[in-house]
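Next up, data-v4.txt (compact mmCIF, C-alpha atoms and all ligand atoms):
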# COMPACT_ATOMS: atom_id res chain seq x y z
CA MET A 91 -34.83 3.31 -1.95
CA ARG A 92 -34.78 4.22 -5.62
CA PHE A 93 -32.08 2.76 -7.86
CA ILE A 94 -31.06 4.10 -11.25
CA GLU A 95 -29.06 1.61 -13.30
CA LEU A 96 -27.05 2.84 -16.29
CA ASN A 97 -24.79 1.10 -18.76
CA ARG A 98 -22.51 4.05 -19.23
CA VAL A 99 -22.33 7.59 -17.87
CA ASP A 100 -19.68 10.31 -17.56
CA SER A 101 -19.67 9.97 -13.78
CA THR A 102 -22.35 8.70 -11.38
CA ASN A 103 -21.51 11.65 -9.12
CA ALA A 104 -22.12 14.05 -12.02
CA GLU A 105 -25.40 12.27 -12.84
CA ALA A 106 -26.61 12.49 -9.22
CA LYS A 107 -25.64 16.18 -9.14
CA ARG A 108 -27.62 16.82 -12.33
CA LEU A 109 -30.68 15.23 -10.71
CA ALA A 110 -30.23 17.41 -7.61
CA GLU A 111 -29.93 20.51 -9.78
CA GLN A 112 -33.23 19.53 -11.43
CA GLY A 113 -34.90 19.39 -7.98
CA ASP A 114 -34.72 15.63 -7.33
CA PHE A 115 -33.07 15.11 -3.95
CA GLY A 116 -33.51 11.36 -3.69
CA PRO A 117 -32.95 9.43 -1.64
CA LEU A 118 -31.65 7.41 -4.56
CA TRP A 119 -28.58 5.58 -5.81
CA VAL A 120 -27.18 5.75 -9.32
CA ARG A 121 -25.01 2.84 -10.53
CA ALA A 122 -23.26 2.53 -13.87
CA ASP A 123 -21.37 -0.39 -15.45
CA THR A 124 -18.74 2.02 -16.68
CA GLN A 125 -17.87 5.74 -16.45
CA SER A 126 -16.24 7.76 -19.20
CA ALA A 127 -15.08 10.52 -16.81
CA GLY A 128 -14.90 8.91 -13.36
CA ARG A 129 -13.70 11.38 -10.76
CA GLY A 130 -11.43 10.77 -7.79
CA ARG A 131 -10.50 13.04 -4.90
CA ARG A 132 -8.33 16.12 -5.51
CA GLY A 133 -9.27 16.33 -9.18
CA ARG A 134 -7.78 12.95 -10.03
CA ALA A 135 -9.42 10.62 -12.54
CA TRP A 136 -10.92 7.30 -11.34
CA THR A 137 -10.36 4.40 -13.73
CA SER A 138 -13.81 3.02 -14.53
CA GLU A 139 -13.62 -0.10 -16.70
CA PRO A 140 -16.59 -2.56 -16.53
CA GLY A 141 -16.46 -5.12 -13.72
CA ASN A 142 -16.07 -2.76 -10.76
CA LEU A 143 -18.70 -0.93 -8.70
CA PHE A 144 -19.34 2.74 -9.51
CA CYS A 145 -22.23 4.27 -7.58
CA SER A 146 -23.45 7.50 -6.02
CA GLY A 147 -26.09 8.08 -3.36
CA LEU A 148 -28.13 11.30 -3.42
CA TYR A 149 -29.72 12.50 -0.19
CA LEU A 150 -31.12 15.70 1.25
CA HIS A 151 -28.70 16.52 4.06
CA GLU A 152 -30.48 16.60 7.39
CA GLY A 153 -27.55 17.29 9.72
CA ASN A 154 -25.13 20.17 10.36
CA THR A 155 -22.06 21.17 8.33
CA HIS A 156 -19.66 18.99 10.32
CA GLN A 157 -21.91 15.99 9.87
CA LEU A 158 -21.85 16.59 6.15
CA ALA A 159 -18.10 15.96 5.96
CA GLN A 160 -18.42 13.16 8.51
CA LEU A 161 -20.70 11.22 6.17
CA SER A 162 -17.54 10.04 4.44
CA PHE A 163 -16.64 8.14 7.63
CA ALA A 164 -20.13 6.61 7.60
CA ALA A 165 -19.50 5.55 4.00
CA SER A 166 -16.10 4.04 4.91
CA LEU A 167 -17.68 2.02 7.69
CA ALA A 168 -20.45 0.89 5.34
CA LEU A 169 -17.81 -0.28 2.87
CA ALA A 170 -15.87 -2.15 5.55
CA ASP A 171 -19.08 -3.90 6.70
CA THR A 172 -19.90 -4.75 3.09
CA LEU A 173 -16.47 -6.23 2.40
CA GLU A 174 -16.90 -8.56 5.38
CA HIS A 175 -19.43 -10.46 3.27
CA TYR A 176 -16.63 -11.25 0.81
CA VAL A 177 -13.24 -11.43 2.52
CA PRO A 178 -11.81 -12.29 5.96
CA ARG A 179 -12.32 -9.44 8.42
CA HIS A 180 -8.64 -9.12 9.35
CA LEU A 181 -7.78 -8.02 5.79
CA ILE A 182 -10.06 -4.97 5.93
CA GLY A 183 -8.62 -1.65 7.09
CA LEU A 184 -9.57 2.02 6.88
CA LYS A 185 -7.08 4.75 5.98
CA TRP A 186 -7.82 8.34 6.91
CA PRO A 187 -9.77 10.13 5.65
CA ASN A 188 -11.80 7.66 3.61
CA ASP A 189 -9.92 4.95 1.80
CA VAL A 190 -10.76 1.30 2.26
CA LEU A 191 -7.85 -1.14 2.16
CA LEU A 192 -7.58 -4.88 1.71
CA GLY A 193 -4.29 -6.29 2.93
CA GLY A 194 -2.95 -2.72 3.08
CA ARG A 195 -3.82 -1.88 -0.52
CA LYS A 196 -6.50 0.52 -1.68
CA THR A 197 -9.69 -1.23 -2.81
CA ALA A 198 -12.31 1.52 -2.65
CA GLY A 199 -12.57 5.29 -2.63
CA ILE A 200 -15.21 7.82 -1.62
CA LEU A 201 -15.91 11.21 -3.14
CA LEU A 202 -18.41 13.35 -1.25
CA GLU A 203 -19.95 16.39 -2.95
CA SER A 204 -22.72 18.75 -1.91
CA GLY A 205 -24.70 21.79 -2.99
CA HIS A 206 -27.57 24.03 -1.98
CA THR A 207 -31.15 23.21 -2.96
CA GLN A 208 -33.20 25.84 -4.81
CA LEU A 209 -34.41 27.04 -1.40
CA GLY A 210 -30.96 28.46 -1.31
CA VAL A 211 -28.32 29.46 1.15
CA ALA A 212 -30.78 31.25 3.47
CA HIS A 213 -32.51 27.97 4.31
CA HIS A 214 -29.21 26.12 4.72
CA GLN A 215 -30.74 23.23 2.86
CA LYS A 216 -28.21 21.06 1.12
CA TRP A 217 -28.10 17.89 -0.90
CA ILE A 218 -25.18 15.50 -0.70
CA VAL A 219 -23.79 13.05 -3.20
CA VAL A 220 -21.72 10.22 -1.80
CA GLY A 221 -19.78 8.63 -4.64
CA ILE A 222 -18.24 5.23 -4.07
CA GLY A 223 -15.94 3.23 -6.31
CA VAL A 224 -14.98 -0.35 -5.40
CA ASN A 225 -12.38 -2.38 -7.28
CA LEU A 226 -14.22 -5.67 -7.55
CA THR A 227 -12.65 -7.60 -10.42
CA HIS A 228 -9.64 -5.46 -11.32
CA HIS A 229 -7.58 -2.48 -10.20
CA PRO A 230 -5.44 0.08 -12.01
CA ASP A 231 -1.65 -0.18 -12.00
CA GLY A 232 0.69 2.69 -11.31
CA THR A 233 -1.48 4.50 -8.77
CA ASP A 234 0.37 6.61 -6.21
CA TYR A 235 -0.96 4.36 -3.43
CA PRO A 236 -0.80 0.59 -4.13
CA ALA A 237 -4.19 -0.84 -5.18
CA THR A 238 -5.93 -4.21 -5.17
CA HIS A 239 -9.38 -5.68 -5.92
CA VAL A 240 -11.90 -7.68 -3.89
CA MET A 241 -11.93 -10.86 -6.00
CA ALA A 242 -8.23 -11.35 -5.38
CA HIS A 243 -8.93 -11.81 -1.66
CA ILE A 244 -12.01 -14.06 -1.66
CA PRO A 245 -10.99 -17.40 -0.11
CA GLN A 246 -11.16 -20.24 -2.66
CA ALA A 247 -13.21 -22.31 -0.23
CA ASP A 248 -15.98 -19.67 -0.26
CA LEU A 249 -16.20 -19.88 -4.04
CA LYS A 250 -16.64 -23.67 -3.85
CA GLY A 251 -19.44 -23.61 -1.24
CA PRO A 252 -23.04 -24.81 -1.84
CA GLU A 253 -24.39 -21.23 -1.97
CA PRO A 254 -23.13 -19.04 -4.83
CA LEU A 255 -21.30 -15.96 -3.60
CA MET A 256 -22.86 -12.91 -5.26
CA THR A 257 -19.83 -11.03 -6.47
CA GLY A 258 -21.49 -8.68 -8.96
CA ALA A 259 -21.74 -4.92 -8.55
CA GLN A 260 -25.52 -4.92 -8.06
CA ALA A 261 -25.34 -7.42 -5.21
CA MET A 262 -22.61 -5.41 -3.53
CA LEU A 263 -24.59 -2.17 -3.90
CA ALA A 264 -27.61 -3.71 -2.14
CA ILE A 265 -25.49 -4.50 0.93
CA LEU A 266 -23.62 -1.20 0.78
CA VAL A 267 -26.74 0.97 0.70
CA ASN A 268 -28.16 -0.87 3.68
CA ARG A 269 -24.98 -0.35 5.70
CA PHE A 270 -24.63 3.30 4.62
CA ASP A 271 -28.16 4.07 5.74
CA HIS A 272 -27.39 2.39 9.06
CA TRP A 273 -24.27 4.48 9.76
CA ARG A 274 -25.85 7.67 8.38
CA HIS A 275 -28.74 7.21 10.81
CA ILE A 276 -26.30 6.75 13.72
CA LEU A 277 -24.40 9.91 12.72
CA LEU A 278 -27.56 12.01 12.46
CA THR A 279 -29.10 10.73 15.69
CA GLN A 280 -26.05 10.16 17.94
CA GLY A 281 -23.37 12.40 16.45
CA PHE A 282 -19.80 11.57 15.47
CA ALA A 283 -18.63 9.79 18.67
CA PRO A 284 -19.92 6.27 17.82
CA ILE A 285 -18.77 6.69 14.22
CA GLY A 286 -15.28 7.78 15.27
CA LYS A 287 -15.04 4.85 17.69
CA ALA A 288 -16.10 2.27 15.09
CA TRP A 289 -13.84 3.84 12.48
CA THR A 290 -10.80 3.83 14.80
CA LYS A 291 -11.36 0.14 15.61
CA ARG A 292 -11.08 -0.62 11.93
CA SER A 293 -8.27 1.83 11.19
CA TYR A 294 -5.26 0.41 9.39
CA ASN A 295 -2.58 1.86 11.62
CA ILE A 296 -3.68 4.19 14.35
CA PRO A 297 -1.56 4.52 16.37
CA GLY A 298 1.25 4.32 13.85
CA LEU A 299 3.76 6.21 11.77
CA VAL A 300 2.27 8.38 9.01
CA THR A 301 3.58 10.70 6.39
CA VAL A 302 1.17 13.53 5.80
CA ARG A 303 1.31 15.23 2.45
CA LEU A 304 -0.49 18.56 2.35
CA PRO A 305 -0.55 20.91 -0.65
CA ASN A 306 2.43 22.93 0.64
CA GLU A 307 4.23 20.66 3.08
CA THR A 308 5.00 17.08 3.91
CA PHE A 309 5.86 15.77 7.35
CA THR A 310 6.14 12.53 9.27
CA GLY A 311 4.70 11.85 12.71
CA GLU A 312 2.71 9.46 14.80
CA ALA A 313 -1.02 9.21 14.09
CA LEU A 314 -2.69 9.29 17.51
CA GLY A 315 -6.35 9.06 16.56
CA LEU A 316 -9.32 11.13 15.43
CA ASP A 317 -10.45 14.29 17.18
CA GLU A 318 -14.13 14.75 18.03
CA LYS A 319 -14.89 15.98 14.51
CA GLY A 320 -12.89 13.47 12.49
CA ALA A 321 -9.59 15.32 11.97
CA LEU A 322 -6.46 13.15 12.26
CA ARG A 323 -4.26 13.99 15.29
CA VAL A 324 -0.59 13.61 14.47
CA ARG A 325 2.32 14.04 16.93
CA LEU A 326 5.39 15.44 15.19
CA GLU A 327 8.94 14.47 16.15
CA ASN A 328 9.31 17.71 18.18
CA GLY A 329 6.22 16.79 20.23
CA THR A 330 3.83 19.29 18.61
CA ILE A 331 0.37 17.92 17.89
CA ARG A 332 -1.21 18.80 14.56
CA ASP A 333 -4.82 18.19 13.63
CA ILE A 334 -5.03 17.33 9.94
CA HIS A 335 -8.28 18.21 8.23
CA ALA A 336 -7.47 17.29 4.67
CA GLY A 337 -4.57 15.91 2.72
CA ASP A 338 -3.07 12.71 1.54
CA VAL A 339 -1.72 10.41 4.18
CA PHE A 340 0.82 7.74 3.44
CA PHE A 341 1.92 5.21 5.98
CA GLY A 342 5.50 4.75 7.05
CA ALA A 343 8.33 6.29 5.14
CA LEU A 344 7.94 8.83 2.35
CA GLN A 345 6.96 7.52 -1.05
CA ASP A 346 7.82 9.00 -4.40
CA ASP A 347 5.04 9.67 -6.85
C1 LIG A 401 -10.89 8.58 -4.45
O1 LIG A 401 -10.17 9.33 -5.13
O2 LIG A 401 -10.42 7.78 -3.64
C2 LIG A 401 -12.39 8.66 -4.61
C3 LIG A 401 -12.88 7.87 -5.77
C4 LIG A 401 -14.38 7.90 -5.97
C5 LIG A 401 -14.80 7.18 -7.23
C6 LIG A 401 -16.29 7.02 -7.35
S1 LIG A 401 -16.73 5.92 -8.64
C7 LIG A 401 -18.41 6.38 -8.47
C8 LIG A 401 -18.43 7.88 -8.23
N1 LIG A 401 -18.44 8.60 -9.49
C9 LIG A 401 -17.31 9.27 -9.68
O3 LIG A 401 -17.04 9.96 -10.70
N2 LIG A 401 -16.49 9.14 -8.64
C10 LIG A 401 -17.09 8.29 -7.61
Spit out the file's structure as structure tokens when you get a sec.
Amino acid sequence: MRFIELNRVDSTNAEAKRLAEQGDFGPLWVRADTQSAGRGRRGRAWTSEPGNLFCSGLYLHEGNTHQLAQLSFAASLALADTLEHYVPRHLIGLKWPNDVLLGGRKTAGILLESGHTQLGVAHHQKWIVVGIGVNLTHHPDGTDYPATHVMAHIPQADLKGPEPLMTGAQAMLAILVNRFDHWRHILLTQGFAPIGKAWTKRSYNIPGLVTVRLPNETFTGEALGLDEKGALRVRLENGTIRDIHAGDVFFGALQDD
């Protein structure tokens, strides 16, 4: 694996995209200490002060279109596995579609982007950028979903042990890349079923009450699980089942933002 380490960049996703547009399709990972224009999902900004992990993997996509979107579940699982090296397993939970929670608070986010190679649309050849941000040493306040950071959850006893715990961003990236490649391989060779199963095991509250906020509507229902492609199945109060393909999901009662 190639690693590109930067002090400062606009966005590691943007940097990986620039490489792809120049004909470099990796596989590689870009990591920066800080981003001046970190990007979150749905056009939101991602606070990128030094101390946290900001990284993006660039790969040529070898699967089908569904698998492309499903890579975000592979990335969530990789993050959950990675966090197990730092914090007790029971604290780690996954929130659909691809947030990683510690003690019910958001700790990491994933932003997947893709584009066609110069071979173009006719060859259906695409590159993908999987951007991952992990709150390691701090987290922003006032986010619409409550946030936390990894260091706040590391048991004191682990910090006093004979072996130093490697809490830096580089150490975390090494574990993360290994776990992402593992889950990516499973997705490409075995399809979504094993990914969906592993993801559901780690899910924060499936089954459970969710509030789904889509661009034009908001409703509450019971999250039943994932369908075979990764959509969230929600049973509404009137019994109708809706498959949610994108949107923001909040747990429990409605929240103001
Ligand atoms: C989210 O909104 O939950 C996704 C956040 C993704 C942030 C990461 S930080 C590294 C990479 N570069 C970016 O500009 N965004 C992603």
Exercise for review: Mind checking which residues fall within 12 Å of stretch 118-121 of chain A, counting only C-alpha atoms, ignoring those fewer than 3 positions away in the same chain, and posting them as a ChimeraX atom specification?
Suggested key: /A:91-110,114-115,124-125,138,140,142-150,217-224,259-264,266-268,270-271
Step by step, gather every atom of ligand LIG 401 (chain A) that the file lists, find the box along x, y and z that holds them, add 4 Å on each side, and finally give centre and edge lengths in Å to one decimal, as JSON.
{"center_x": -14.3, "center_y": 7.9, "center_z": -7.2, "size_x": 16.3, "size_y": 12.0, "size_z": 15.1}
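Of the listed residues A:His151, A:Arg134, A:His156, A:Lys291, the one whose atoms come nearest to A:Thr207 is A:His151, with distances taken using all atoms listed in the file.
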Review point. Taking into account only C-alpha atoms, which residue in the set A:Arg195, A:Lys185, A:Arg323, A:Lys216 is nearest to A:Ala242?
Key: A:Arg195
Practice item. Take atom CA of A:Gly251 and atom CA of A:Leu191 and report the distance between them in Å, one decimal. Key: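 Separation between atom CA of A:Gly251 and atom CA of A:Leu191: 25.5 Å.
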Check your understanding: Using only C-alpha atoms and all ligand atoms, which residue out of A:Ser204, A:Asn328, A:Gln157, A:Asn188 lies closest to ligand LIG 401 (chain A)?
Key ->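 Of A:Ser204, A:Asn328, A:Gln157, A:Asn188, the one nearest ligand LIG 401 (chain A) is A:Asn188, counting only C-alpha atoms and all ligand atoms.
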Anything within 9 Å of (-2.2, 2.6, 15.5): list those residues as a short mmCIF file (atom, residue, chain, number, x, y, z; two decimals) with C-alpha atoms, in the coordinates of the input, counting all atoms listed in the file and sticking to the file's coordinates.
data_model
loop_
_atom_site.label_atom_id
_atom_site.label_comp_id
_atom_site.auth_asym_id
_atom_site.auth_seq_id
_atom_site.Cartn_x
_atom_site.Cartn_y
_atom_site.Cartn_z
CA THR A 290 -10.80 3.83 14.80
CA SER A 293 -8.27 1.83 11.19
CA TYR A 294 -5.26 0.41 9.39
CA ASN A 295 -2.58 1.86 11.62
CA ILE A 296 -3.68 4.19 14.35
CA PRO A 297 -1.56 4.52 16.37
CA GLY A 298 1.25 4.32 13.85
CA LEU A 299 3.76 6.21 11.77
CA GLU A 312 2.71 9.46 14.80
CA ALA A 313 -1.02 9.21 14.09
CA LEU A 314 -2.69 9.29 17.51
CA GLY A 315 -6.35 9.06 16.56
#
Review point. Rounded to one decimal in Å, what is the spacing between atom CA of A:Asp189 and atom CA of A:Arg303?
Key: 15.2 Å
Exercise for review: Give me, please, the distance in Å between atom C6 of ligand LIG 401 (chain A) and atom CA of A:Lys319, quoted to one decimal.
Suggested key: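 Atom-to-atom, atom C6 of ligand LIG 401 (chain A) and atom CA of A:Lys319 are spaced 23.7 Å apart.
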Review point. From the set A:Gln160, A:Gln112, A:Ser166, A:Asn154, which residue has the shortest atom-to-atom contact distance to ligand LIG 401 (chain A), counting all atoms listed in the file?
Key: A:Ser166
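Closest approach to ligand LIG 401 (chain A) from the set A:Leu278, A:Ala237, A:Ile265, A:Leu173 is made by A:Ala237, with distances taken over all atoms listed in the file.
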Review point. With distances taken over only C-alpha atoms, which of A:Lys196, A:Lys250, A:Gln208, A:Trp186 is nearest to A:Val300?
Key: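 Closest residue, counting only C-alpha atoms: A:Trp186.
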Complete the atoms of stretch 224-256 of chain A to N, CA and C atoms and put them out as a tab-separated table (two decimals), in the coordinates of the input.
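As a result, selection37.tsv now contains:
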chain	number	residue	atom	x	y	z
A	224	VAL	N	-15.61	0.83	-6.00
A	224	VAL	CA	-14.98	-0.35	-5.40
A	224	VAL	C	-14.33	-1.17	-6.51
A	225	ASN	N	-13.05	-1.47	-6.35
A	225	ASN	CA	-12.38	-2.38	-7.28
A	225	ASN	C	-12.83	-3.79	-6.96
A	226	LEU	N	-13.67	-4.33	-7.81
A	226	LEU	CA	-14.22	-5.67	-7.55
A	226	LEU	C	-13.42	-6.73	-8.29
A	227	THR	N	-13.30	-6.55	-9.61
A	227	THR	CA	-12.65	-7.60	-10.42
A	227	THR	C	-11.28	-7.18	-10.95
A	228	HIS	N	-10.97	-5.90	-10.86
A	228	HIS	CA	-9.64	-5.46	-11.32
A	228	HIS	C	-9.29	-4.13	-10.66
A	229	HIS	N	-8.02	-3.76	-10.76
A	229	HIS	CA	-7.58	-2.48	-10.20
A	229	HIS	C	-6.54	-1.87	-11.13
A	230	PRO	N	-6.43	-0.55	-11.12
A	230	PRO	CA	-5.44	0.08	-12.01
A	230	PRO	C	-4.02	-0.10	-11.48
A	231	ASP	N	-3.07	-0.13	-12.38
A	231	ASP	CA	-1.65	-0.18	-12.00
A	231	ASP	C	-1.11	1.24	-11.96
A	232	GLY	N	-0.02	1.40	-11.28
A	232	GLY	CA	0.69	2.69	-11.31
A	232	GLY	C	0.01	3.80	-10.53
A	233	THR	N	-0.86	3.45	-9.60
A	233	THR	CA	-1.48	4.50	-8.77
A	233	THR	C	-0.48	4.93	-7.71
A	234	ASP	N	-0.65	6.14	-7.17
A	234	ASP	CA	0.37	6.61	-6.21
A	234	ASP	C	0.27	5.87	-4.88
A	235	TYR	N	-0.87	5.25	-4.59
A	235	TYR	CA	-0.96	4.36	-3.43
A	235	TYR	C	-1.27	2.97	-3.97
A	236	PRO	N	-0.59	1.92	-3.54
A	236	PRO	CA	-0.80	0.59	-4.13
A	236	PRO	C	-2.26	0.14	-4.04
A	237	ALA	N	-2.77	-0.47	-5.11
A	237	ALA	CA	-4.19	-0.84	-5.18
A	237	ALA	C	-4.35	-2.36	-5.27
A	238	THR	N	-5.57	-2.80	-5.01
A	238	THR	CA	-5.93	-4.21	-5.17
A	238	THR	C	-7.41	-4.29	-5.49
A	239	HIS	N	-7.95	-5.52	-5.67
A	239	HIS	CA	-9.38	-5.68	-5.92
A	239	HIS	C	-9.94	-6.82	-5.09
A	240	VAL	N	-11.26	-6.78	-4.84
A	240	VAL	CA	-11.90	-7.68	-3.89
A	240	VAL	C	-11.73	-9.15	-4.29
A	241	MET	N	-11.96	-9.46	-5.56
A	241	MET	CA	-11.93	-10.86	-6.00
A	241	MET	C	-10.60	-11.55	-5.68
A	242	ALA	N	-9.55	-10.77	-5.64
A	242	ALA	CA	-8.23	-11.35	-5.38
A	242	ALA	C	-8.11	-11.86	-3.94
A	243	HIS	N	-9.05	-11.46	-3.08
A	243	HIS	CA	-8.93	-11.81	-1.66
A	243	HIS	C	-10.03	-12.75	-1.18
A	244	ILE	N	-10.93	-13.16	-2.08
A	244	ILE	CA	-12.01	-14.06	-1.66
A	244	ILE	C	-11.43	-15.46	-1.51
A	245	PRO	N	-11.57	-16.06	-0.31
A	245	PRO	CA	-10.99	-17.40	-0.11
A	245	PRO	C	-11.58	-18.40	-1.10
A	246	GLN	N	-10.73	-19.22	-1.69
A	246	GLN	CA	-11.16	-20.24	-2.66
A	246	GLN	C	-12.30	-21.09	-2.12
A	247	ALA	N	-12.20	-21.43	-0.84
A	247	ALA	CA	-13.21	-22.31	-0.23
A	247	ALA	C	-14.60	-21.67	-0.33
A	248	ASP	N	-14.68	-20.35	-0.20
A	248	ASP	CA	-15.98	-19.67	-0.26
A	248	ASP	C	-16.57	-19.75	-1.67
A	249	LEU	N	-15.72	-19.82	-2.66
A	249	LEU	CA	-16.20	-19.88	-4.04
A	249	LEU	C	-16.67	-21.29	-4.39
A	250	LYS	N	-16.27	-22.27	-3.57
A	250	LYS	CA	-16.64	-23.67	-3.85
A	250	LYS	C	-17.84	-24.11	-3.02
A	251	GLY	N	-18.36	-23.23	-2.15
A	251	GLY	CA	-19.44	-23.61	-1.24
A	251	GLY	C	-20.74	-23.91	-1.96
A	252	PRO	N	-21.75	-24.45	-1.23
A	252	PRO	CA	-23.04	-24.81	-1.84
A	252	PRO	C	-23.83	-23.58	-2.31
A	253	GLU	N	-23.68	-22.45	-1.60
A	253	GLU	CA	-24.39	-21.23	-1.97
A	253	GLU	C	-23.49	-20.40	-2.88
A	254	PRO	N	-24.00	-19.90	-4.00
A	254	PRO	CA	-23.13	-19.04	-4.83
A	254	PRO	C	-22.85	-17.72	-4.11
A	255	LEU	N	-21.64	-17.25	-4.20
A	255	LEU	CA	-21.30	-15.96	-3.60
A	255	LEU	C	-21.61	-14.90	-4.66
A	256	MET	N	-22.43	-13.93	-4.29
A	256	MET	CA	-22.86	-12.91	-5.26
A	256	MET	C	-21.80	-11.84	-5.38
